[in-house]
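File shown here: final04.cif, holding mmCIF, N, CA and C atoms.
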data_model
#
loop_
_atom_site.label_atom_id
_atom_site.label_comp_id
_atom_site.auth_asym_id
_atom_site.auth_seq_id
_atom_site.Cartn_x
_atom_site.Cartn_y
_atom_site.Cartn_z
N MET A 845 0.84 -1.18 0.00
CA MET A 845 0.00 0.00 0.00
C MET A 845 0.89 1.24 0.00
N THR A 846 0.58 2.20 -0.80
CA THR A 846 1.37 3.42 -0.88
C THR A 846 0.97 4.39 0.23
N ASP A 847 1.86 5.31 0.53
CA ASP A 847 1.55 6.32 1.54
C ASP A 847 0.46 7.24 1.04
N MET A 848 -0.45 7.53 1.91
CA MET A 848 -1.54 8.45 1.57
C MET A 848 -1.04 9.88 1.75
N PRO A 849 -1.56 10.81 0.97
CA PRO A 849 -1.14 12.21 1.12
C PRO A 849 -1.57 12.75 2.49
N ARG A 850 -0.79 13.67 3.00
CA ARG A 850 -1.11 14.28 4.30
C ARG A 850 -2.22 15.30 4.10
N ILE A 851 -3.09 15.37 5.07
CA ILE A 851 -4.17 16.34 5.06
C ILE A 851 -3.92 17.34 6.19
N TYR A 852 -4.11 18.60 5.90
CA TYR A 852 -3.96 19.65 6.90
C TYR A 852 -5.31 20.30 7.11
N ARG A 853 -5.51 20.81 8.31
CA ARG A 853 -6.77 21.50 8.56
C ARG A 853 -6.48 22.90 9.06
N VAL A 854 -7.39 23.79 8.71
CA VAL A 854 -7.34 25.17 9.13
C VAL A 854 -8.48 25.35 10.12
N LEU A 855 -8.15 25.82 11.31
CA LEU A 855 -9.14 25.98 12.38
C LEU A 855 -9.23 27.44 12.78
N GLY A 856 -10.44 27.89 13.06
CA GLY A 856 -10.64 29.27 13.50
C GLY A 856 -12.09 29.51 13.84
N THR A 857 -12.42 30.78 13.97
CA THR A 857 -13.77 31.20 14.33
C THR A 857 -14.28 32.16 13.26
N ASP A 858 -15.50 31.92 12.78
CA ASP A 858 -16.03 32.81 11.75
C ASP A 858 -16.57 34.10 12.38
N LYS A 859 -17.13 34.99 11.55
CA LYS A 859 -17.56 36.29 12.04
C LYS A 859 -18.73 36.22 13.02
N HIS A 860 -19.40 35.07 13.10
CA HIS A 860 -20.51 34.90 14.03
C HIS A 860 -20.08 34.19 15.32
N GLY A 861 -18.79 33.89 15.44
CA GLY A 861 -18.27 33.21 16.62
C GLY A 861 -18.40 31.70 16.58
N VAL A 862 -18.70 31.16 15.41
CA VAL A 862 -18.86 29.71 15.25
C VAL A 862 -17.52 29.09 14.85
N PRO A 863 -17.09 28.02 15.56
CA PRO A 863 -15.84 27.35 15.18
C PRO A 863 -15.93 26.75 13.78
N VAL A 864 -14.85 26.89 13.01
CA VAL A 864 -14.81 26.43 11.62
C VAL A 864 -13.58 25.54 11.44
N GLU A 865 -13.74 24.47 10.67
CA GLU A 865 -12.62 23.59 10.33
C GLU A 865 -12.67 23.34 8.82
N ILE A 866 -11.55 23.62 8.14
CA ILE A 866 -11.47 23.47 6.69
C ILE A 866 -10.29 22.56 6.37
N ALA A 867 -10.50 21.55 5.54
CA ALA A 867 -9.42 20.64 5.15
C ALA A 867 -8.68 21.20 3.95
N LYS A 868 -7.35 21.06 3.98
CA LYS A 868 -6.49 21.50 2.88
C LYS A 868 -5.55 20.37 2.50
N ALA A 869 -5.20 20.30 1.23
CA ALA A 869 -4.39 19.19 0.72
C ALA A 869 -2.90 19.36 0.98
N SER A 870 -2.45 20.58 1.22
CA SER A 870 -1.01 20.78 1.44
C SER A 870 -0.77 21.77 2.57
N GLU A 871 0.42 21.69 3.12
CA GLU A 871 0.79 22.60 4.20
C GLU A 871 0.83 24.04 3.72
N ASP A 872 1.35 24.26 2.51
CA ASP A 872 1.41 25.61 1.96
C ASP A 872 0.02 26.21 1.79
N SER A 873 -0.90 25.41 1.28
CA SER A 873 -2.27 25.88 1.09
C SER A 873 -2.90 26.24 2.43
N ALA A 874 -2.66 25.42 3.44
CA ALA A 874 -3.21 25.69 4.77
C ALA A 874 -2.62 26.97 5.35
N ARG A 875 -1.32 27.16 5.20
CA ARG A 875 -0.67 28.37 5.73
C ARG A 875 -1.17 29.63 5.02
N ARG A 876 -1.37 29.55 3.72
CA ARG A 876 -1.90 30.71 2.99
C ARG A 876 -3.31 31.04 3.45
N SER A 877 -4.12 30.02 3.68
CA SER A 877 -5.49 30.23 4.16
C SER A 877 -5.50 30.89 5.53
N VAL A 878 -4.60 30.45 6.41
CA VAL A 878 -4.50 31.04 7.75
C VAL A 878 -4.10 32.50 7.66
N LYS A 879 -3.11 32.78 6.83
CA LYS A 879 -2.63 34.15 6.68
C LYS A 879 -3.75 35.07 6.18
N GLU A 880 -4.49 34.61 5.18
CA GLU A 880 -5.58 35.40 4.63
C GLU A 880 -6.72 35.58 5.64
N ALA A 881 -7.08 34.51 6.35
CA ALA A 881 -8.16 34.59 7.33
C ALA A 881 -7.81 35.54 8.47
N ASN A 882 -6.58 35.47 8.96
CA ASN A 882 -6.17 36.37 10.04
C ASN A 882 -6.09 37.82 9.56
N ARG A 883 -5.66 38.02 8.32
CA ARG A 883 -5.62 39.38 7.77
C ARG A 883 -7.02 39.95 7.66
N ASN A 884 -7.97 39.15 7.17
CA ASN A 884 -9.35 39.61 7.06
C ASN A 884 -9.97 39.87 8.43
N ALA A 885 -9.66 39.01 9.40
CA ALA A 885 -10.18 39.21 10.76
C ALA A 885 -9.66 40.52 11.35
N ALA A 886 -8.39 40.81 11.14
CA ALA A 886 -7.80 42.05 11.66
C ALA A 886 -8.44 43.26 11.02
N GLU A 887 -8.71 43.16 9.73
CA GLU A 887 -9.32 44.27 8.99
C GLU A 887 -10.69 44.63 9.55
N PHE A 888 -11.43 43.63 10.01
CA PHE A 888 -12.79 43.86 10.51
C PHE A 888 -12.87 43.85 12.04
N GLY A 889 -11.72 43.83 12.72
CA GLY A 889 -11.70 43.92 14.17
C GLY A 889 -12.17 42.66 14.89
N ARG A 890 -12.01 41.52 14.25
CA ARG A 890 -12.40 40.25 14.88
C ARG A 890 -11.15 39.53 15.40
N PRO A 891 -11.33 38.55 16.30
CA PRO A 891 -10.18 37.80 16.82
C PRO A 891 -9.40 37.11 15.70
N GLN A 892 -8.10 37.17 15.80
CA GLN A 892 -7.21 36.54 14.81
C GLN A 892 -6.75 35.20 15.37
N ASP A 893 -7.66 34.23 15.43
CA ASP A 893 -7.38 32.95 16.07
C ASP A 893 -7.23 31.79 15.08
N TRP A 894 -7.06 32.09 13.81
CA TRP A 894 -6.94 31.02 12.82
C TRP A 894 -5.57 30.37 12.92
N ARG A 895 -5.53 29.03 12.74
CA ARG A 895 -4.27 28.29 12.78
C ARG A 895 -4.37 27.08 11.87
N ALA A 896 -3.22 26.57 11.48
CA ALA A 896 -3.17 25.37 10.64
C ALA A 896 -2.48 24.27 11.42
N GLU A 897 -2.93 23.04 11.20
CA GLU A 897 -2.28 21.89 11.84
C GLU A 897 -2.46 20.66 10.99
N PHE A 898 -1.59 19.69 11.24
CA PHE A 898 -1.67 18.41 10.55
C PHE A 898 -2.89 17.67 11.07
N ALA A 899 -3.72 17.19 10.17
CA ALA A 899 -4.92 16.44 10.56
C ALA A 899 -4.55 14.97 10.61
N ASP A 900 -4.52 14.41 11.79
CA ASP A 900 -4.14 13.01 11.98
C ASP A 900 -5.36 12.14 11.67
N ILE A 901 -5.59 11.92 10.40
CA ILE A 901 -6.75 11.16 9.95
C ILE A 901 -6.30 9.78 9.50
N GLU A 902 -6.95 8.79 10.02
CA GLU A 902 -6.62 7.42 9.62
C GLU A 902 -7.44 7.08 8.37
N ARG A 903 -6.74 6.77 7.31
CA ARG A 903 -7.41 6.43 6.07
C ARG A 903 -7.32 4.92 5.84
N LYS A 904 -8.39 4.38 5.34
CA LYS A 904 -8.42 2.94 5.06
C LYS A 904 -8.77 2.74 3.59
N ALA A 905 -8.15 1.75 2.99
CA ALA A 905 -8.45 1.45 1.60
C ALA A 905 -9.86 0.86 1.48
N LEU A 906 -10.51 1.18 0.39
CA LEU A 906 -11.84 0.63 0.15
C LEU A 906 -11.71 -0.86 -0.22
N PRO A 907 -12.66 -1.66 0.20
CA PRO A 907 -12.58 -3.11 -0.12
C PRO A 907 -12.72 -3.39 -1.60
#
Spit out the file's structure as structure tokens when you get a sec.
Amino acid sequence: MTDMPRIYRVLGTDKHGVPVEIAKASEDSARRSVKEANRNAAEFGRPQDWRAEFADIERKALP
């Protein structure tokens, strides 16, 4: 079985205070999303709590 690609997730709070989790296919994509989300939050005076992390997801092959 080949190695599965790593999945990263972007975590933060939307403008209504609801926790949000978004899956990204690469670390670079996740970091760019965090940077943009925190920049937008700062622009509108909201908390800049967005972060990216490795999503430890166990993947199983389909039968």
Name every residue that the PyMOL selection byres (((chain A and resi 854-859 and name CA) around 9) and name CA) selects in this structure, writing the answer as a PDB file with N, CA and C atoms, in the coordinates of the input with chains first and numbers rising.
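The resulting out_10.pdb:
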ATOM      1  N   TYR A 852      -4.110  18.600   5.900  1.00  0.00           N
ATOM      2  CA  TYR A 852      -3.960  19.650   6.900  1.00  0.00           C
ATOM      3  C   TYR A 852      -5.310  20.300   7.110  1.00  0.00           C
ATOM      4  N   ARG A 853      -5.510  20.810   8.310  1.00  0.00           N
ATOM      5  CA  ARG A 853      -6.770  21.500   8.560  1.00  0.00           C
ATOM      6  C   ARG A 853      -6.480  22.900   9.060  1.00  0.00           C
ATOM      7  N   HIS A 860     -19.400  35.070  13.100  1.00  0.00           N
ATOM      8  CA  HIS A 860     -20.510  34.900  14.030  1.00  0.00           C
ATOM      9  C   HIS A 860     -20.080  34.190  15.320  1.00  0.00           C
ATOM     10  N   GLY A 861     -18.790  33.890  15.440  1.00  0.00           N
ATOM     11  CA  GLY A 861     -18.270  33.210  16.620  1.00  0.00           C
ATOM     12  C   GLY A 861     -18.400  31.700  16.580  1.00  0.00           C
ATOM     13  N   VAL A 862     -18.700  31.160  15.410  1.00  0.00           N
ATOM     14  CA  VAL A 862     -18.860  29.710  15.250  1.00  0.00           C
ATOM     15  C   VAL A 862     -17.520  29.090  14.850  1.00  0.00           C
ATOM     16  N   PRO A 863     -17.090  28.020  15.560  1.00  0.00           N
ATOM     17  CA  PRO A 863     -15.840  27.350  15.180  1.00  0.00           C
ATOM     18  C   PRO A 863     -15.930  26.750  13.780  1.00  0.00           C
ATOM     19  N   VAL A 864     -14.850  26.890  13.010  1.00  0.00           N
ATOM     20  CA  VAL A 864     -14.810  26.430  11.620  1.00  0.00           C
ATOM     21  C   VAL A 864     -13.580  25.540  11.440  1.00  0.00           C
ATOM     22  N   GLU A 865     -13.740  24.470  10.670  1.00  0.00           N
ATOM     23  CA  GLU A 865     -12.620  23.590  10.330  1.00  0.00           C
ATOM     24  C   GLU A 865     -12.670  23.340   8.820  1.00  0.00           C
ATOM     25  N   ILE A 866     -11.550  23.620   8.140  1.00  0.00           N
ATOM     26  CA  ILE A 866     -11.470  23.470   6.690  1.00  0.00           C
ATOM     27  C   ILE A 866     -10.290  22.560   6.370  1.00  0.00           C
ATOM     28  N   ALA A 867     -10.500  21.550   5.540  1.00  0.00           N
ATOM     29  CA  ALA A 867      -9.420  20.640   5.150  1.00  0.00           C
ATOM     30  C   ALA A 867      -8.680  21.200   3.950  1.00  0.00           C
ATOM     31  N   LYS A 868      -7.350  21.060   3.980  1.00  0.00           N
ATOM     32  CA  LYS A 868      -6.490  21.500   2.880  1.00  0.00           C
ATOM     33  C   LYS A 868      -5.550  20.370   2.500  1.00  0.00           C
ATOM     34  N   ALA A 874      -2.660  25.420   3.440  1.00  0.00           N
ATOM     35  CA  ALA A 874      -3.210  25.690   4.770  1.00  0.00           C
ATOM     36  C   ALA A 874      -2.620  26.970   5.350  1.00  0.00           C
ATOM     37  N   ARG A 875      -1.320  27.160   5.200  1.00  0.00           N
ATOM     38  CA  ARG A 875      -0.670  28.370   5.730  1.00  0.00           C
ATOM     39  C   ARG A 875      -1.170  29.630   5.020  1.00  0.00           C
ATOM     40  N   SER A 877      -4.120  30.020   3.680  1.00  0.00           N
ATOM     41  CA  SER A 877      -5.490  30.230   4.160  1.00  0.00           C
ATOM     42  C   SER A 877      -5.500  30.890   5.530  1.00  0.00           C
ATOM     43  N   VAL A 878      -4.600  30.450   6.410  1.00  0.00           N
ATOM     44  CA  VAL A 878      -4.500  31.040   7.750  1.00  0.00           C
ATOM     45  C   VAL A 878      -4.100  32.500   7.660  1.00  0.00           C
ATOM     46  N   ALA A 881      -7.080  34.510   6.350  1.00  0.00           N
ATOM     47  CA  ALA A 881      -8.160  34.590   7.330  1.00  0.00           C
ATOM     48  C   ALA A 881      -7.810  35.540   8.470  1.00  0.00           C
ATOM     49  N   ALA A 885      -9.660  39.010   9.400  1.00  0.00           N
ATOM     50  CA  ALA A 885     -10.180  39.210  10.760  1.00  0.00           C
ATOM     51  C   ALA A 885      -9.660  40.520  11.350  1.00  0.00           C
ATOM     52  N   ARG A 890     -12.010  41.520  14.250  1.00  0.00           N
ATOM     53  CA  ARG A 890     -12.400  40.250  14.880  1.00  0.00           C
ATOM     54  C   ARG A 890     -11.150  39.530  15.400  1.00  0.00           C
ATOM     55  N   PRO A 891     -11.330  38.550  16.300  1.00  0.00           N
ATOM     56  CA  PRO A 891     -10.180  37.800  16.820  1.00  0.00           C
ATOM     57  C   PRO A 891      -9.400  37.110  15.700  1.00  0.00           C
ATOM     58  N   GLN A 892      -8.100  37.170  15.800  1.00  0.00           N
ATOM     59  CA  GLN A 892      -7.210  36.540  14.810  1.00  0.00           C
ATOM     60  C   GLN A 892      -6.750  35.200  15.370  1.00  0.00           C
ATOM     61  N   ASP A 893      -7.660  34.230  15.430  1.00  0.00           N
ATOM     62  CA  ASP A 893      -7.380  32.950  16.070  1.00  0.00           C
ATOM     63  C   ASP A 893      -7.230  31.790  15.080  1.00  0.00           C
ATOM     64  N   TRP A 894      -7.060  32.090  13.810  1.00  0.00           N
ATOM     65  CA  TRP A 894      -6.940  31.020  12.820  1.00  0.00           C
ATOM     66  C   TRP A 894      -5.570  30.370  12.920  1.00  0.00           C
ATOM     67  N   ARG A 895      -5.530  29.030  12.740  1.00  0.00           N
ATOM     68  CA  ARG A 895      -4.270  28.290  12.780  1.00  0.00           C
ATOM     69  C   ARG A 895      -4.370  27.080  11.870  1.00  0.00           C
ATOM     70  N   ALA A 896      -3.220  26.570  11.480  1.00  0.00           N
ATOM     71  CA  ALA A 896      -3.170  25.370  10.640  1.00  0.00           C
ATOM     72  C   ALA A 896      -2.480  24.270  11.420  1.00  0.00           C
ATOM     73  N   GLU A 897      -2.930  23.040  11.200  1.00  0.00           N
ATOM     74  CA  GLU A 897      -2.280  21.890  11.840  1.00  0.00           C
ATOM     75  C   GLU A 897      -2.460  20.660  10.990  1.00  0.00           C
ATOM     76  N   PHE A 898      -1.590  19.690  11.240  1.00  0.00           N
ATOM     77  CA  PHE A 898      -1.670  18.410  10.550  1.00  0.00           C
ATOM     78  C   PHE A 898      -2.890  17.670  11.070  1.00  0.00           C
TER      79      PHE A 898
END
All file atoms of segment 872-887 of chain A boxed axis-aligned, 6 Å per side, centre plus edges, as lines of an AutoDock Vina configuration file:
center_x = -4.6
center_y = 34.4
center_z = 6.4
size_x = 24.1
size_y = 32.4
size_z = 22.6
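Across the structure, atom CA of Asp900 of chain A and atom N of Ile851 of chain A are spaced 7.4 Å apart.
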Rebuild all heavy atoms on segment 882-893 of chain A, as a short mmCIF file (atom, residue, chain, number, x, y, z; two decimals), in the coordinates of the input?
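Printed below is part.cif as written:
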data_model
loop_
_atom_site.label_atom_id
_atom_site.label_comp_id
_atom_site.auth_asym_id
_atom_site.auth_seq_id
_atom_site.Cartn_x
_atom_site.Cartn_y
_atom_site.Cartn_z
N ASN A 882 -6.58 35.47 8.96
CA ASN A 882 -6.17 36.37 10.04
C ASN A 882 -6.09 37.82 9.56
O ASN A 882 -6.43 38.74 10.31
CB ASN A 882 -4.85 35.91 10.66
CG ASN A 882 -5.04 34.76 11.61
OD1 ASN A 882 -6.07 34.65 12.27
ND2 ASN A 882 -4.06 33.88 11.68
N ARG A 883 -5.66 38.02 8.32
CA ARG A 883 -5.62 39.38 7.77
C ARG A 883 -7.02 39.95 7.66
O ARG A 883 -7.28 41.10 8.04
CB ARG A 883 -4.92 39.36 6.40
CG ARG A 883 -4.74 40.75 5.81
CD ARG A 883 -3.97 40.74 4.50
NE ARG A 883 -4.61 39.88 3.51
CZ ARG A 883 -4.04 38.82 2.93
NH1 ARG A 883 -2.81 38.49 3.24
NH2 ARG A 883 -4.69 38.11 2.05
N ASN A 884 -7.97 39.15 7.17
CA ASN A 884 -9.35 39.61 7.06
C ASN A 884 -9.97 39.87 8.43
O ASN A 884 -10.70 40.85 8.61
CB ASN A 884 -10.21 38.58 6.31
CG ASN A 884 -9.88 38.53 4.83
OD1 ASN A 884 -9.33 39.48 4.28
ND2 ASN A 884 -10.19 37.42 4.19
N ALA A 885 -9.66 39.01 9.40
CA ALA A 885 -10.18 39.21 10.76
C ALA A 885 -9.66 40.52 11.35
O ALA A 885 -10.42 41.27 11.98
CB ALA A 885 -9.80 38.03 11.64
N ALA A 886 -8.39 40.81 11.14
CA ALA A 886 -7.80 42.05 11.66
C ALA A 886 -8.44 43.26 11.02
O ALA A 886 -8.71 44.27 11.68
CB ALA A 886 -6.29 42.05 11.42
N GLU A 887 -8.71 43.16 9.73
CA GLU A 887 -9.32 44.27 8.99
C GLU A 887 -10.69 44.63 9.55
O GLU A 887 -11.06 45.80 9.58
CB GLU A 887 -9.43 43.89 7.51
CG GLU A 887 -9.95 44.99 6.62
CD GLU A 887 -9.98 44.56 5.16
OE1 GLU A 887 -9.14 43.76 4.75
OE2 GLU A 887 -10.88 45.04 4.46
N PHE A 888 -11.43 43.63 10.01
CA PHE A 888 -12.79 43.86 10.51
C PHE A 888 -12.87 43.85 12.04
O PHE A 888 -13.96 43.84 12.60
CB PHE A 888 -13.75 42.83 9.92
CG PHE A 888 -13.94 42.99 8.44
CD1 PHE A 888 -13.33 42.12 7.56
CD2 PHE A 888 -14.70 44.04 7.94
CE1 PHE A 888 -13.49 42.27 6.20
CE2 PHE A 888 -14.86 44.20 6.57
CZ PHE A 888 -14.25 43.32 5.70
N GLY A 889 -11.72 43.83 12.72
CA GLY A 889 -11.70 43.92 14.17
C GLY A 889 -12.17 42.66 14.89
O GLY A 889 -12.65 42.73 16.01
N ARG A 890 -12.01 41.52 14.25
CA ARG A 890 -12.40 40.25 14.88
C ARG A 890 -11.15 39.53 15.40
O ARG A 890 -10.03 39.84 15.00
CB ARG A 890 -13.12 39.37 13.85
CG ARG A 890 -14.44 39.98 13.41
CD ARG A 890 -15.27 39.01 12.61
NE ARG A 890 -14.63 38.59 11.38
CZ ARG A 890 -14.90 39.09 10.17
NH1 ARG A 890 -15.78 40.03 10.04
NH2 ARG A 890 -14.28 38.63 9.11
N PRO A 891 -11.33 38.55 16.30
CA PRO A 891 -10.18 37.80 16.82
C PRO A 891 -9.40 37.11 15.70
O PRO A 891 -9.99 36.53 14.80
CB PRO A 891 -10.80 36.76 17.75
CG PRO A 891 -12.15 37.29 18.09
CD PRO A 891 -12.58 38.10 16.90
N GLN A 892 -8.10 37.17 15.80
CA GLN A 892 -7.21 36.54 14.81
C GLN A 892 -6.75 35.20 15.37
O GLN A 892 -5.60 35.03 15.74
CB GLN A 892 -6.03 37.44 14.51
CG GLN A 892 -6.44 38.79 13.97
CD GLN A 892 -5.27 39.72 13.87
OE1 GLN A 892 -4.19 39.31 13.50
NE2 GLN A 892 -5.48 40.97 14.18
N ASP A 893 -7.66 34.23 15.43
CA ASP A 893 -7.38 32.95 16.07
C ASP A 893 -7.23 31.79 15.08
O ASP A 893 -7.25 30.64 15.48
CB ASP A 893 -8.47 32.62 17.09
CG ASP A 893 -9.84 32.44 16.46
OD1 ASP A 893 -10.01 32.77 15.27
OD2 ASP A 893 -10.74 31.96 17.16
#
